[in-house]
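One file, structure_2.txt, carrying compact mmCIF, C-alpha atoms:
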# COMPACT_ATOMS: atom_id res chain seq x y z
CA MET Q 1 0.00 0.00 0.00
CA VAL Q 2 1.19 3.52 -0.81
CA HIS Q 3 0.00 6.99 0.15
CA GLY Q 4 0.55 9.90 -2.22
CA LYS Q 5 2.89 10.64 -5.12
CA THR Q 6 5.83 12.06 -3.16
CA THR Q 7 5.63 9.24 -0.59
CA THR Q 8 5.69 6.69 -3.42
CA ILE Q 9 8.81 8.32 -4.88
CA LYS Q 10 10.52 8.35 -1.46
CA LEU Q 11 9.73 4.63 -1.08
CA ILE Q 12 11.16 3.88 -4.55
CA LEU Q 13 14.36 5.79 -3.74
CA GLY Q 14 14.83 4.16 -0.33
CA LEU Q 15 14.31 7.50 1.46
CA GLN Q 16 11.42 6.07 3.49
CA SER Q 17 10.95 2.66 5.11
CA ILE Q 18 8.80 0.18 3.22
CA THR Q 19 6.25 -1.49 5.50
CA SER Q 20 4.92 -3.95 2.93
CA GLY Q 21 5.74 -4.98 -0.64
CA LYS Q 22 9.09 -4.34 -2.28
CA VAL Q 23 10.80 -2.07 -4.81
CA THR Q 24 13.12 -3.53 -7.45
CA ILE Q 25 15.25 -1.30 -9.72
CA ASN Q 26 17.35 -2.83 -12.50
CA GLY Q 27 16.83 -6.22 -10.83
CA TYR Q 28 18.04 -5.13 -7.37
CA ASP Q 29 15.93 -4.85 -4.19
CA ILE Q 30 16.10 -1.24 -2.91
CA GLU Q 31 16.18 -2.40 0.74
CA LYS Q 32 18.54 -5.39 0.52
CA GLU Q 33 20.86 -4.14 -2.26
CA PHE Q 34 20.51 -0.36 -1.98
CA THR Q 35 23.88 0.60 -3.52
CA HIS Q 36 23.35 -1.55 -6.63
CA ALA Q 37 19.66 -0.58 -6.96
CA ILE Q 38 20.30 3.16 -6.77
CA LYS Q 39 23.50 3.17 -8.85
CA LYS Q 40 21.81 3.96 -12.20
CA VAL Q 41 19.06 6.22 -10.81
CA GLY Q 42 18.86 10.03 -10.98
CA ALA Q 43 16.18 11.93 -9.05
CA ILE Q 44 14.79 15.28 -8.00
CA VAL Q 45 12.37 15.08 -5.07
CA GLU Q 46 10.58 18.38 -4.49
CA ASN Q 47 13.14 21.19 -5.23
CA PRO Q 48 16.67 20.54 -6.56
CA ASP Q 49 19.39 21.42 -4.03
CA MET Q 50 22.08 23.84 -5.18
CA TYR Q 51 24.39 26.58 -3.92
CA MET Q 52 22.91 29.90 -5.00
CA TYR Q 53 26.18 31.88 -4.62
CA LEU Q 54 28.11 29.52 -6.91
CA SER Q 55 27.86 29.30 -10.70
CA GLY Q 56 25.89 26.57 -12.43
CA TYR Q 57 29.16 24.98 -13.52
CA GLN Q 58 30.59 24.98 -9.98
CA ASN Q 59 27.41 23.31 -8.72
CA LEU Q 60 27.81 20.58 -11.35
CA LYS Q 61 31.47 20.06 -10.43
CA LEU Q 62 30.55 19.57 -6.77
CA VAL Q 63 28.00 16.90 -7.70
CA ALA Q 64 30.46 15.30 -10.15
CA ASN Q 65 32.93 14.83 -7.25
CA LEU Q 66 30.40 12.51 -5.56
CA TYR Q 67 30.78 9.99 -8.40
CA LYS Q 68 33.77 8.18 -9.85
CA GLY Q 69 35.03 9.01 -13.30
CA ILE Q 70 32.81 11.93 -14.35
CA THR Q 71 34.95 13.85 -16.84
CA LYS Q 72 34.91 17.51 -17.85
CA GLU Q 73 33.61 16.26 -21.24
CA ARG Q 74 30.60 14.66 -19.52
CA ILE Q 75 29.85 17.86 -17.59
CA ASP Q 76 30.01 19.87 -20.86
CA GLU Q 77 27.82 17.26 -22.59
CA VAL Q 78 25.17 17.51 -19.85
CA VAL Q 79 25.25 21.35 -19.93
CA LYS Q 80 24.54 21.15 -23.66
CA LEU Q 81 21.74 18.61 -23.16
CA VAL Q 82 19.89 20.93 -20.74
CA LYS Q 83 20.62 23.96 -22.97
CA LEU Q 84 22.45 26.05 -20.34
CA GLU Q 85 25.67 26.67 -22.35
CA ASN Q 86 25.21 30.45 -22.39
CA ARG Q 87 24.49 30.81 -18.67
CA ILE Q 88 26.44 27.99 -17.00
CA GLN Q 89 29.13 30.37 -15.65
CA ASP Q 90 26.52 32.70 -14.07
CA LYS Q 91 25.63 32.47 -10.39
CA VAL Q 92 22.58 30.28 -9.75
CA SER Q 93 20.97 33.19 -7.85
CA LYS Q 94 20.57 34.89 -11.26
CA TYR Q 95 18.77 31.88 -12.79
CA SER Q 96 15.05 31.76 -13.47
CA LEU Q 97 13.08 28.92 -11.84
CA GLY Q 98 13.04 27.05 -15.18
CA MET Q 99 16.84 27.32 -15.46
CA ARG Q 100 17.27 26.03 -11.90
CA GLN Q 101 15.05 23.07 -12.72
CA ARG Q 102 17.19 22.32 -15.79
CA LEU Q 103 20.38 22.61 -13.74
CA GLY Q 104 18.81 20.22 -11.21
CA ILE Q 105 18.19 17.71 -14.01
CA ALA Q 106 21.79 18.20 -15.21
CA GLN Q 107 22.98 17.28 -11.69
CA ALA Q 108 20.71 14.22 -11.66
CA ILE Q 109 21.96 12.81 -14.99
CA LEU Q 110 25.73 13.43 -14.67
CA HIS Q 111 26.36 9.75 -13.88
CA LYS Q 112 24.33 8.54 -16.91
CA PRO Q 113 21.38 6.94 -15.07
CA ASN Q 114 18.96 4.71 -16.97
CA LEU Q 115 16.09 5.85 -14.72
CA LEU Q 116 15.29 9.49 -13.91
CA ILE Q 117 12.64 10.18 -11.23
CA LEU Q 118 11.08 13.65 -11.04
CA ASP Q 119 8.53 14.99 -8.55
CA GLU Q 120 6.40 17.78 -10.06
CA PRO Q 121 9.11 19.00 -12.51
CA THR Q 122 6.90 21.74 -14.00
CA ASN Q 123 5.64 23.12 -10.68
CA GLY Q 124 5.73 26.93 -10.64
CA LEU Q 125 7.04 27.22 -14.20
CA ASP Q 126 5.56 29.68 -16.71
CA PRO Q 127 4.25 28.34 -20.08
CA GLU Q 128 7.65 28.82 -21.74
CA GLY Q 129 9.41 27.00 -18.88
CA ILE Q 130 6.91 24.13 -19.10
CA LYS Q 131 7.47 23.83 -22.87
CA GLU Q 132 11.27 23.80 -22.40
CA MET Q 133 10.98 21.14 -19.67
CA ARG Q 134 8.74 18.96 -21.86
CA GLU Q 135 11.16 19.20 -24.80
CA LEU Q 136 14.13 18.46 -22.51
CA LEU Q 137 12.53 15.31 -21.06
CA VAL Q 138 11.58 13.96 -24.49
CA ASP Q 139 15.15 14.69 -25.63
CA LEU Q 140 16.67 12.88 -22.65
CA ALA Q 141 14.50 9.82 -23.14
CA GLU Q 142 15.63 9.61 -26.79
CA LYS Q 143 19.30 10.69 -26.61
CA GLU Q 144 20.29 9.29 -23.22
CA LYS Q 145 18.04 6.21 -23.56
CA MET Q 146 16.59 6.67 -20.09
CA ALA Q 147 13.22 5.85 -18.60
CA ILE Q 148 11.64 8.87 -16.89
CA LEU Q 149 9.16 8.52 -14.03
CA ILE Q 150 7.23 11.74 -13.37
CA SER Q 151 4.76 12.44 -10.58
CA SER Q 152 2.45 15.35 -11.32
CA HIS Q 153 -0.97 16.91 -10.77
CA ASN Q 154 -0.77 18.46 -14.23
CA LEU Q 155 -2.56 15.79 -16.26
CA ALA Q 156 -2.94 17.98 -19.37
CA GLU Q 157 0.84 18.40 -19.45
CA LEU Q 158 1.55 14.67 -18.96
CA ASP Q 159 -0.93 13.94 -21.76
CA ASN Q 160 1.42 15.79 -24.14
CA PHE Q 161 4.43 13.54 -23.84
CA CYS Q 162 4.09 10.59 -21.44
CA THR Q 163 3.41 7.08 -22.76
CA LYS Q 164 2.34 5.21 -19.60
CA VAL Q 165 0.32 6.22 -16.56
CA CYS Q 166 -0.13 4.98 -13.00
CA ILE Q 167 -3.15 6.36 -11.10
CA ILE Q 168 -3.25 6.37 -7.29
CA LYS Q 169 -6.56 6.77 -5.43
CA ASN Q 170 -6.76 6.84 -1.62
CA GLY Q 171 -3.31 5.31 -1.36
CA GLU Q 172 -4.02 2.43 -3.74
CA VAL Q 173 -2.77 1.97 -7.32
CA ILE Q 174 -5.98 1.59 -9.32
CA GLU Q 175 -4.62 1.72 -12.88
CA THR Q 176 -1.31 1.13 -14.64
CA SER Q 177 -1.37 1.10 -18.44
CA GLU Q 178 -0.49 2.85 -21.70
CA ILE Q 179 -2.06 6.33 -21.85
CA SER Q 180 -3.49 5.54 -25.31
CA GLU Q 181 -5.16 2.39 -23.91
CA ILE Q 182 -6.72 4.06 -20.88
CA LYS Q 183 -8.12 6.86 -23.06
CA LYS Q 184 -9.50 4.36 -25.59
CA GLU Q 185 -11.03 2.25 -22.82
CA THR Q 186 -12.91 5.19 -21.27
CA SER Q 187 -14.05 6.83 -24.53
CA GLN Q 188 -16.40 3.92 -25.50
CA ASN Q 189 -18.34 4.73 -28.69
CA LEU Q 190 -18.83 8.48 -28.32
CA GLN Q 191 -19.03 10.27 -31.69
CA LEU Q 192 -18.72 14.05 -31.91
CA PHE Q 193 -20.80 15.96 -34.49
CA GLU Q 194 -20.55 19.61 -35.52
CA VAL Q 195 -23.63 20.93 -37.32
CA ALA Q 196 -25.24 24.25 -38.27
CA ASP Q 197 -27.95 24.04 -35.56
CA VAL Q 198 -28.15 21.41 -32.83
CA ASN Q 199 -31.80 22.26 -32.08
CA LEU Q 200 -32.83 20.92 -35.49
CA VAL Q 201 -31.12 17.59 -34.73
CA LYS Q 202 -33.08 16.94 -31.52
CA ASN Q 203 -36.23 16.01 -33.45
CA ILE Q 204 -34.37 13.70 -35.83
CA ILE Q 205 -32.00 11.72 -33.60
CA LYS Q 206 -32.76 10.63 -30.03
CA ASP Q 207 -30.32 10.47 -27.08
CA ILE Q 208 -27.93 13.17 -28.28
CA ILE Q 209 -25.78 14.94 -25.67
CA VAL Q 210 -25.80 18.65 -26.50
CA ILE Q 211 -22.48 20.44 -25.98
CA ASP Q 212 -23.37 23.84 -27.44
CA HIS Q 213 -25.39 25.40 -30.27
CA HIS Q 214 -23.29 23.68 -32.96
CA ARG Q 215 -21.97 20.49 -31.35
CA PHE Q 216 -23.43 17.32 -29.92
CA LYS Q 217 -22.16 13.86 -29.12
CA ILE Q 218 -23.85 10.49 -29.19
CA ASN Q 219 -22.91 7.05 -27.94
CA VAL Q 220 -23.12 4.81 -31.02
CA PRO Q 221 -20.71 2.31 -32.65
CA ARG Q 222 -18.55 3.68 -35.47
CA GLU Q 223 -20.36 1.53 -38.07
CA ASN Q 224 -23.63 3.40 -37.32
CA VAL Q 225 -22.14 6.81 -38.17
CA PRO Q 226 -22.74 6.71 -42.00
CA GLU Q 227 -26.41 5.91 -41.41
CA MET Q 228 -26.73 8.88 -39.03
CA ILE Q 229 -25.03 11.22 -41.50
CA GLU Q 230 -27.41 10.05 -44.22
CA LYS Q 231 -30.40 10.73 -41.96
CA LEU Q 232 -29.18 14.24 -41.14
CA VAL Q 233 -28.46 15.06 -44.80
CA GLU Q 234 -31.95 13.84 -45.81
CA ASN Q 235 -33.35 16.32 -43.27
CA LYS Q 236 -31.28 19.18 -44.73
CA ILE Q 237 -29.00 19.42 -41.66
CA LYS Q 238 -25.64 20.98 -42.53
CA ILE Q 239 -22.78 18.84 -41.15
CA TYR Q 240 -19.34 20.40 -40.73
CA GLU Q 241 -17.46 17.65 -38.94
CA VAL Q 242 -17.85 14.15 -37.51
CA LYS Q 243 -15.15 12.41 -35.45
CA PRO Q 244 -14.77 9.98 -32.53
CA GLU Q 245 -14.59 11.92 -29.28
CA GLU Q 246 -11.03 11.93 -27.99
CA LYS Q 247 -10.77 11.66 -24.25
CA THR Q 248 -8.07 13.60 -22.47
CA LEU Q 249 -6.00 11.96 -19.74
CA GLU Q 250 -7.90 14.17 -17.28
CA ASP Q 251 -11.28 12.83 -18.54
CA ALA Q 252 -9.99 9.26 -18.24
CA PHE Q 253 -8.64 9.95 -14.74
CA PHE Q 254 -11.97 11.26 -13.46
CA GLU Q 255 -13.83 8.33 -14.98
CA LYS Q 256 -11.43 5.87 -13.32
CA THR Q 257 -11.51 7.56 -9.92
CA GLY Q 258 -15.10 8.78 -9.90
CA GLY Q 259 -13.93 12.38 -9.65
CA ASN Q 260 -11.58 11.77 -6.72
CA VAL Q 261 -8.95 14.38 -5.86
CA ILE Q 262 -5.83 13.82 -7.97
CA GLU Q 263 -2.97 12.13 -6.14
For this file, produce the structure as structure tokens.
Amino acid sequence: MVHGKTTTIKLILGLQSITSGKVTINGYDIEKEFTHAIKKVGAIVENPDMYMYLSGYQNLKLVANLYKGITKERIDEVVKLVKLENRIQDKVSKYSLGMRQRLGIAQAILHKPNLLILDEPTNGLDPEGIKEMRELLVDLAEKEKMAILISSHNLAELDNFCTKVCIIKNGEVIETSEISEIKKETSQNLQLFEVADVNLVKNIIKDIIVIDHHRFKINVPRENVPEMIEKLVENKIKIYEVKPEEKTLEDAFFEKTGGNVIE
């Protein structure tokens, strides 16, 4: 049993005692073989720690000293990955929140982990900072070949680039699957229609769910759609668009949890 997102991350990283169950990373038990389990893991829990009066580069060098064999080339490579080349010699106190987050990620990936764990990485960032963070994480997954585990309340943001989701409700994991699968599973057979006037449709087709003056949705199998279009055209209804309704991750979450507070 787990509690919330941050607690789950602390349990995974061995920062909190596990009362039941176990955590295995790269085949090693986090409690019995901590050093081996954590060796290829990078993480930021809550806010990244750094010395504000030192430069970004000096902060990276301090972290590099904690590991064996991190070269100047690797530090430079990581600086380039997080796109801080132009500001790496500036004091961290002059960095924006987004730049500090990127420096924190640079610290976490110096030792080339194959798993990066981030707790609310876009928290407090402005839209530009969020976009930069999203692009950076996609880049890291591709270039550094690392799995990235993100905990977040921002479901719309996760929907943009994550591939798998784990939903926690009241301390229990209630769903773990591909995002595309969970959205497909909850969307059923809802078809979205855009027409000139929804009021004219009400008399022709029963059980429509009105969204606004021009749009309605209806729960019918895809194979029934041509027949419905034909019926509307026969009744001189102008149709602008017909498509399956795409659920967002947020929609799917609320269906799965019954509207429970996001954990």
* Exercise: Ser151 in chain Q partners within 12 Å, only C-alpha atoms, chain neighbours under 6 positions left out, as a list of chain:residue names -> Q:Gly4, Q:Lys5, Q:Thr6, Q:Thr7, Q:Thr8, Q:Ile9, Q:Lys10, Q:Ala43, Q:Ile44, Q:Val45, Q:Glu46, Q:Leu116, Q:Ile117, Q:Leu118, Q:Asp119, Q:Glu120, Q:Pro121, Q:Thr122, Q:Asn123, Q:Glu157, Q:Leu158, Q:Cys162, Q:Lys164, Q:Val165, Q:Cys166, Q:Ile167, Q:Ile168, Q:Ile262, Q:Glu263
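Here CA of Ile211 in chain Q stands at a distance of 24.8 Å from CA of Asn154 in chain Q.
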* **CA of Lys243 in chain Q to CA of Val195 in chain Q, straight-line distance in Å** => 12.2 Å
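Proximity to Ser177 in chain Q was assessed for Q:Asn114, Q:Ile130, Q:Glu142, Q:Leu249 counting only C-alpha atoms; the smallest distance is recorded for Q:Leu249.
With only the atoms specified (only C-alpha atoms) counting, those residues at most 12 Å away from (28.7, 24.2, -5.8) are Asp49, Met50, Tyr51, Met52, Tyr53, Leu54, Ser55, Gly56, Tyr57, Gln58, Asn59, Leu60, Lys61, Leu62, Val63, Ala64, Asn65, Leu66, Gln89, Lys91, Val92, Leu103, Gly104 and Gln107 of chain Q.
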Find the residues near Leu232 in chain Q: any atom within 9 Å, counting all atoms listed in the file, skip ones fewer than 4 places away on the same chain, and give them as a JSON list (two decimals) with C-alpha atoms, keeping the file's coordinate frame.
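Produced file around_29.json, reproduced below:
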[["chain", "number", "residue", "atom", "x", "y", "z"],
["Q", 201, "VAL", "CA", -31.12, 17.59, -34.73],
["Q", 204, "ILE", "CA", -34.37, 13.70, -35.83],
["Q", 205, "ILE", "CA", -32.00, 11.72, -33.60],
["Q", 227, "GLU", "CA", -26.41, 5.91, -41.41],
["Q", 228, "MET", "CA", -26.73, 8.88, -39.03],
["Q", 236, "LYS", "CA", -31.28, 19.18, -44.73],
["Q", 237, "ILE", "CA", -29.00, 19.42, -41.66],
["Q", 238, "LYS", "CA", -25.64, 20.98, -42.53],
["Q", 239, "ILE", "CA", -22.78, 18.84, -41.15]]
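Candidate residues Q:Leu115, Q:Val173, Q:Ile208, Q:Val198 were compared for distance to Ile150 in chain Q, and the nearest is Q:Leu115, using all atoms listed in the file.
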* **Nearby residues (all atoms listed in the file) at most 7 Å from Leu192 in chain Q, same-chain spacing under 4 positions excluded, as a count of residues only** => 7
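Our summary of the geometry notes that CA of Asn47 in chain Q is positioned 10.2 Å from CA of Leu97 in chain Q.
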* For Asp29 in chain Q, please output as number ranges by chain all residues within 12 Å (counting all atoms listed in the file; exclusion window: fewer than 5 positions along the same chain). => Q: 11-14, 18, 21-24, 34-39
Taking only C-alpha atoms, show range 32-129 of chain Q of the given structure as a PDB file, in the first residue's frame.
ATOM      1  CA  LYS Q  32      18.535  -5.389   0.519  1.00  0.00           C
ATOM      2  CA  GLU Q  33      20.863  -4.140  -2.255  1.00  0.00           C
ATOM      3  CA  PHE Q  34      20.512  -0.363  -1.977  1.00  0.00           C
ATOM      4  CA  THR Q  35      23.884   0.597  -3.519  1.00  0.00           C
ATOM      5  CA  HIS Q  36      23.345  -1.550  -6.630  1.00  0.00           C
ATOM      6  CA  ALA Q  37      19.655  -0.578  -6.956  1.00  0.00           C
ATOM      7  CA  ILE Q  38      20.295   3.165  -6.772  1.00  0.00           C
ATOM      8  CA  LYS Q  39      23.504   3.174  -8.853  1.00  0.00           C
ATOM      9  CA  LYS Q  40      21.814   3.956 -12.198  1.00  0.00           C
ATOM     10  CA  VAL Q  41      19.061   6.223 -10.809  1.00  0.00           C
ATOM     11  CA  GLY Q  42      18.862  10.025 -10.976  1.00  0.00           C
ATOM     12  CA  ALA Q  43      16.176  11.930  -9.054  1.00  0.00           C
ATOM     13  CA  ILE Q  44      14.793  15.279  -8.002  1.00  0.00           C
ATOM     14  CA  VAL Q  45      12.372  15.081  -5.065  1.00  0.00           C
ATOM     15  CA  GLU Q  46      10.583  18.382  -4.487  1.00  0.00           C
ATOM     16  CA  ASN Q  47      13.136  21.187  -5.227  1.00  0.00           C
ATOM     17  CA  PRO Q  48      16.667  20.543  -6.564  1.00  0.00           C
ATOM     18  CA  ASP Q  49      19.385  21.424  -4.034  1.00  0.00           C
ATOM     19  CA  MET Q  50      22.075  23.843  -5.179  1.00  0.00           C
ATOM     20  CA  TYR Q  51      24.386  26.583  -3.918  1.00  0.00           C
ATOM     21  CA  MET Q  52      22.910  29.897  -5.004  1.00  0.00           C
ATOM     22  CA  TYR Q  53      26.178  31.880  -4.620  1.00  0.00           C
ATOM     23  CA  LEU Q  54      28.109  29.519  -6.915  1.00  0.00           C
ATOM     24  CA  SER Q  55      27.860  29.302 -10.705  1.00  0.00           C
ATOM     25  CA  GLY Q  56      25.888  26.567 -12.429  1.00  0.00           C
ATOM     26  CA  TYR Q  57      29.162  24.977 -13.517  1.00  0.00           C
ATOM     27  CA  GLN Q  58      30.595  24.984  -9.976  1.00  0.00           C
ATOM     28  CA  ASN Q  59      27.411  23.306  -8.720  1.00  0.00           C
ATOM     29  CA  LEU Q  60      27.812  20.582 -11.351  1.00  0.00           C
ATOM     30  CA  LYS Q  61      31.472  20.057 -10.430  1.00  0.00           C
ATOM     31  CA  LEU Q  62      30.550  19.570  -6.765  1.00  0.00           C
ATOM     32  CA  VAL Q  63      28.002  16.896  -7.701  1.00  0.00           C
ATOM     33  CA  ALA Q  64      30.465  15.298 -10.155  1.00  0.00           C
ATOM     34  CA  ASN Q  65      32.926  14.829  -7.251  1.00  0.00           C
ATOM     35  CA  LEU Q  66      30.402  12.513  -5.563  1.00  0.00           C
ATOM     36  CA  TYR Q  67      30.783   9.992  -8.396  1.00  0.00           C
ATOM     37  CA  LYS Q  68      33.768   8.177  -9.846  1.00  0.00           C
ATOM     38  CA  GLY Q  69      35.026   9.014 -13.305  1.00  0.00           C
ATOM     39  CA  ILE Q  70      32.806  11.935 -14.347  1.00  0.00           C
ATOM     40  CA  THR Q  71      34.950  13.846 -16.842  1.00  0.00           C
ATOM     41  CA  LYS Q  72      34.907  17.508 -17.847  1.00  0.00           C
ATOM     42  CA  GLU Q  73      33.607  16.263 -21.238  1.00  0.00           C
ATOM     43  CA  ARG Q  74      30.602  14.659 -19.519  1.00  0.00           C
ATOM     44  CA  ILE Q  75      29.852  17.862 -17.591  1.00  0.00           C
ATOM     45  CA  ASP Q  76      30.011  19.865 -20.857  1.00  0.00           C
ATOM     46  CA  GLU Q  77      27.817  17.264 -22.590  1.00  0.00           C
ATOM     47  CA  VAL Q  78      25.173  17.511 -19.850  1.00  0.00           C
ATOM     48  CA  VAL Q  79      25.250  21.347 -19.926  1.00  0.00           C
ATOM     49  CA  LYS Q  80      24.535  21.147 -23.662  1.00  0.00           C
ATOM     50  CA  LEU Q  81      21.739  18.609 -23.158  1.00  0.00           C
ATOM     51  CA  VAL Q  82      19.887  20.926 -20.743  1.00  0.00           C
ATOM     52  CA  LYS Q  83      20.623  23.960 -22.966  1.00  0.00           C
ATOM     53  CA  LEU Q  84      22.446  26.046 -20.343  1.00  0.00           C
ATOM     54  CA  GLU Q  85      25.668  26.666 -22.349  1.00  0.00           C
ATOM     55  CA  ASN Q  86      25.207  30.450 -22.392  1.00  0.00           C
ATOM     56  CA  ARG Q  87      24.485  30.811 -18.669  1.00  0.00           C
ATOM     57  CA  ILE Q  88      26.436  27.991 -17.004  1.00  0.00           C
ATOM     58  CA  GLN Q  89      29.131  30.375 -15.648  1.00  0.00           C
ATOM     59  CA  ASP Q  90      26.519  32.700 -14.069  1.00  0.00           C
ATOM     60  CA  LYS Q  91      25.635  32.467 -10.385  1.00  0.00           C
ATOM     61  CA  VAL Q  92      22.583  30.277  -9.750  1.00  0.00           C
ATOM     62  CA  SER Q  93      20.971  33.187  -7.849  1.00  0.00           C
ATOM     63  CA  LYS Q  94      20.569  34.887 -11.257  1.00  0.00           C
ATOM     64  CA  TYR Q  95      18.773  31.883 -12.793  1.00  0.00           C
ATOM     65  CA  SER Q  96      15.046  31.764 -13.465  1.00  0.00           C
ATOM     66  CA  LEU Q  97      13.078  28.919 -11.844  1.00  0.00           C
ATOM     67  CA  GLY Q  98      13.044  27.055 -15.177  1.00  0.00           C
ATOM     68  CA  MET Q  99      16.843  27.325 -15.462  1.00  0.00           C
ATOM     69  CA  ARG Q 100      17.266  26.025 -11.903  1.00  0.00           C
ATOM     70  CA  GLN Q 101      15.048  23.070 -12.724  1.00  0.00           C
ATOM     71  CA  ARG Q 102      17.185  22.317 -15.794  1.00  0.00           C
ATOM     72  CA  LEU Q 103      20.375  22.608 -13.735  1.00  0.00           C
ATOM     73  CA  GLY Q 104      18.811  20.216 -11.207  1.00  0.00           C
ATOM     74  CA  ILE Q 105      18.190  17.713 -14.011  1.00  0.00           C
ATOM     75  CA  ALA Q 106      21.787  18.197 -15.210  1.00  0.00           C
ATOM     76  CA  GLN Q 107      22.978  17.279 -11.693  1.00  0.00           C
ATOM     77  CA  ALA Q 108      20.709  14.219 -11.659  1.00  0.00           C
ATOM     78  CA  ILE Q 109      21.956  12.815 -14.990  1.00  0.00           C
ATOM     79  CA  LEU Q 110      25.730  13.427 -14.673  1.00  0.00           C
ATOM     80  CA  HIS Q 111      26.361   9.748 -13.875  1.00  0.00           C
ATOM     81  CA  LYS Q 112      24.325   8.536 -16.909  1.00  0.00           C
ATOM     82  CA  PRO Q 113      21.379   6.938 -15.072  1.00  0.00           C
ATOM     83  CA  ASN Q 114      18.961   4.708 -16.974  1.00  0.00           C
ATOM     84  CA  LEU Q 115      16.088   5.850 -14.724  1.00  0.00           C
ATOM     85  CA  LEU Q 116      15.290   9.495 -13.907  1.00  0.00           C
ATOM     86  CA  ILE Q 117      12.642  10.178 -11.230  1.00  0.00           C
ATOM     87  CA  LEU Q 118      11.081  13.648 -11.036  1.00  0.00           C
ATOM     88  CA  ASP Q 119       8.528  14.986  -8.552  1.00  0.00           C
ATOM     89  CA  GLU Q 120       6.396  17.784 -10.055  1.00  0.00           C
ATOM     90  CA  PRO Q 121       9.108  18.997 -12.513  1.00  0.00           C
ATOM     91  CA  THR Q 122       6.905  21.745 -14.002  1.00  0.00           C
ATOM     92  CA  ASN Q 123       5.640  23.125 -10.678  1.00  0.00           C
ATOM     93  CA  GLY Q 124       5.725  26.929 -10.637  1.00  0.00           C
ATOM     94  CA  LEU Q 125       7.037  27.222 -14.196  1.00  0.00           C
ATOM     95  CA  ASP Q 126       5.561  29.678 -16.707  1.00  0.00           C
ATOM     96  CA  PRO Q 127       4.255  28.339 -20.078  1.00  0.00           C
ATOM     97  CA  GLU Q 128       7.654  28.822 -21.740  1.00  0.00           C
ATOM     98  CA  GLY Q 129       9.412  26.997 -18.882  1.00  0.00           C
TER      99      GLY Q 129
END
